[in-house]
Amino acid sequence: MTTPAAENQTVRAQSRGQVVQAQFRKHRLAVSSLWVLIIFYALAAFADFVAPYGENESFFRGAIDRSYAPPTRIHWIDPATGGLSFPFVYNVSSQLNLDSLELEYKEDTSQKYPIRLFTQGAPYTPFPISLIPQEWRRTWGFDPQIGLRLFGVDKPATLFVWGADKLGRDVFARILFGARVTLTIGVFAATLSLIVGLVLGAISGYYGGWIDDGIMRLVEVLATIPGLFLLLALRALFPLDAKSSVVYFVVVLILGLIRWGPVARAVRGQVFSLREEDYVMAARSLGSNDARIIFQHILPGTASFAIVSFSLLIPGFILTESGLSFLGLGISDPNSSWGLMLAVAQEGGMQTFTSRPWMLIPGIFIFVAVLAFNFVGDGLRDALDPKARR
Amino acid sequence: MLQFIAKRLLQIIPTFIGATLLAFVIIQLTPGDFTDRFALDPNADAAQLERLRVNFGLDQPVIIQYFRWVWGIISSGYLGESFTYRAPVGTIIVPLIYNSLSLVMISLVLTYVLAIPIGVYQATRQYSNGDKALSFLSIMGLALPNFFFILLLIVGVLSFQAGLRQVYQSDAWYKPILEFFTYDLKNGLWFPVGGMRTTEIYDSLPWWQQMIDRAWHLILPTIVVTTSGLSSLVRVVRGQMLDFLQADFIRTARAKGLSERIVTYKHVLRNAIGPVVSGLGTILPELVTGAGLVEFVYRWPGITPGFVTAIQQQDLYVVMGLLVLSAILLMIGNLVSDLLLAFVDPRIRYS
């Protein structure tokens with residue numbers, strides 16, 4: 001009969017997943033980066049709800065003109081009583097400054113516009129349903145629209161947390177909608193290049209010989225052409241003025257097809273040793289065909305490498321996508337992406353930068369997202385590497 | 001050694017064929033051929049068009065076209081004709097490549113000159129505050145997009161503008177000093193915010209002032225391109241150094257009573273330098289790519305702005321020419337790095 005003390009001493013065996021999780025948690029930067037990313041993706045998913053305005057809701061040359069409006073000042077102090085009040089904003093009116101020939105915005109303090117929580121705005125399709133293509137939704141007759149937004153103010157006042165762009169569109173809203181493009185393109189492109197890299201690397205390492213030679217020469221050729229130029233040349237194959245949804249797939253395809261080389265090379269090296277393992281020999285003698293051996297027995301052995309390179313490929317793709325959109329060859333207006341927003345920021349010429357610095361905020365988002373992905377990737381690499389156990 | 005170089009040159013051939021083939025396939029996949037462009041031109045006559053088609057061998061099978069194109073490159077460096085500029089591709093892209101390379105080469109040299117001492121410092125003082133700060137900076141540098149960094153630098157320069165202009169109008173004692181250390185005090189520009197030279201006055205300047213003018217324009221883009229290369233190379237140097245600092249022969253060297261300086265530079269660095277030198281092959285394309293977006297923002301007339309324009313104008317032979325020439329340059333870079341590696345590492349056999 002065991003005593004309670006003896007029971008306490010028994011060490012509970014941890015599964016591999018638990019070990020990896022525990023190791024990952026020790027990497028504090030990686031864990032907080034993971035949370036940052038979760039928040040980013042959640043904001044992107046619920047962008048319609050979180051942002052007070054729609055992606056393309058513009059206040060330009062109409063009754064309300066907010067071209068390049070600076071961030072709206074949010075007031076907390078009630079001027080009448082001098083005490084704290086519920087946050088409110090003032091309406092602004094624009095005047096042309098005759099010296100700089102730019103619009104200047106002045107607050108009109110006669111009327112307060114309190115910030116309303118859970119207010120109604122322009123209708124939109126809520127998140128999980130918005131993933132279904134609109135045509136399908138129409139033909140099914142299932143197209144619910146809601147107008148609920150987290151916060152907003154009554155018109156004619158406007159609430160631009162991070163200012164407005166040239167067409168009077170909310171920069172904050174466009175950042176959240178742009179995240180949908182920038183943060184997902186990286187993931188899809190990484191998935192594609194991982195699949196291509198794993199399969200070609202495994203084939204190369206498993207068969208060896210001329211197949212191996214051919215694939216490895218292809219990898220070398222791809223590596224000789226600077227990535228950006230290959231990307232640009234491939235982009236030239238597709239019409240430049242295509243719809244954003246088409247461009248999205250084109251960009252995923254191109255990105256996925258230029259960066260699989262290093263993955264393939266690394267997988268090939270691993271497969272070289274894995275194919276000599278006893279369990280592979282056993283599978284072969286049991287009569288498994290090559291495809292089964294590669295996909296069922298060899299590729300799972302490269303899983304931890306795949307996970308790590310997946311998480312480290314994404315930030316590179318985010319940078320590349322931003323660069324491509326920045327060059328005007330990616331997602332185009334009216335849709336939004338972080339790179340595109342920066343391209344728009346420099347459109348007005350260098351001299352206008354200092355007067356509207358809020359147009360550069362998307363760059364900070366690119367930076368933070370890439371940084372967070374790098375940290376998560378580093379954390380995963382350390383967690384999955386038995387030699388780096390702490 | 002000569003044998004080694006010859007062998008290495010021979011190895012370039014398959015890669016060259018692959019790269020040109022890839023460029024060619026990309027162009028062939030593009031719908032239509034370039035005479036369609038001329039056909040839309042009302043001034044073009046049919047005979048001229050036909051002559052062009054024959055000249056370019058567009059009436060031949062694709063494989064013959066490829067070999068003719070490659071032969072044109074090998075025999076006379078002829079890359080085809082630009083349809084936008086109606087001039088040989090070479091005359092258009094060579095200045096672009098020259099401009100880009102001047103930026104990339106300076107950055108490359110600076111990257112190596114700075115990365116090695118920084119990496120050595122970090123490795124010899126592992127986990128010190130300096131090491132931590134520099135590691136942090138290099139992680140930041142990896143995540144900061146080049147085009148955003150150059151935008152930030154430009155904003156930084158412009159934010160001084162008003163203050164500097166005031167100094168220019170005043171007669172403060174430090175005005176001449178500031179005048180010397182700024183690019184254009186009159187307009188309040190500490191650094192130029194774009195372009196490769198001051199176009200309005202450049203031609204009227206004496207040669208030494210032209211040099212100074214060019215140098216001023218190089219500063220900001222060089223900072224950006226160098227930091228991007230530095231962030232990755234410093235990590236390589238540091239990692240390599242750390243691997244060798246633990247080695248037995250280093251303990252032996254210390255035990256012999258050699259000074260720490262000699263141990264670090266003659267024993268550790270000498271052994272650790274291999275991957276750093278061969279890293280040239282990967283750093284160079286990174287720098288070319290990284291410089292690309294900087295060129296675009298800074299209006300530097302380099303490869304990438306030319307590339308983007310060529311794509312927008314569907315000027316396919318320019319696209320192809322840039323693709324092939326940049327590939328050739330990278331192959332040369334790889335060759336140089338291999339030779340350098342053989343030079344710094346006597347363990348590598350030449351034959």
# chains A, B, ... in the order shown; residues from 1 in each chain; ligands from 1
>>> interface_residues(of="chain A", to="chain B", cutoff="9 Å", atoms="only C-alpha atoms", output="MDAnalysis selection string")
chainID A and resid 217:218 220:230 232:238 240 315:316 319 322:323 326:329 342:343 346 350:351 353:354 357 360 363:364 366:372 374
>>> closest_atom_pairs(of="segment 281-386 of chain A", to="segment 267-274 of chain A", cutoff="8 Å", atoms="only C-alpha atoms", output="tab-separated table")
residue	atom	partner	partner_atom	distance
A:Ile298	CA	A:Leu274	CA	6.5
A:Leu299	CA	A:Val271	CA	7.9
A:Gly301	CA	A:Leu274	CA	7.6
A:Thr302	CA	A:Val267	CA	7.0
>>> residues_around(residues="Asp131 of chain B", least_positions_apart="2", cutoff="12 Å", atoms="only C-alpha atoms", output="PyMOL selection string")
chain B and resi 118-129+133-138+234-235+238
>>> closest_residue(among="A:Phe118, A:Trp260, A:Trp338, A:Phe373", to="Pro52 of chain A", atoms="only C-alpha atoms")
A:Phe118
>>> select_by_dssp(residues="segment 118-239 of chain B", states="helix (DSSP H, G or I)", output="ChimeraX atom specification")
/B:118-124,129-143,146-159,161-169,175-181,202-204,207-239
>>> residues_around(residues="Leu384 of chain A", least_positions_apart="6", cutoff="9 Å", atoms="only C-alpha atoms", output="list in words")
Val19, Val20, Gln23, Phe24, Ser304, Phe305 and Val308 of chain A
>>> select_by_dssp(residues="segment 5-137 of chain B", states="strand (DSSP E or B)", output="ChimeraX atom specification")
/B:81-82,87-88
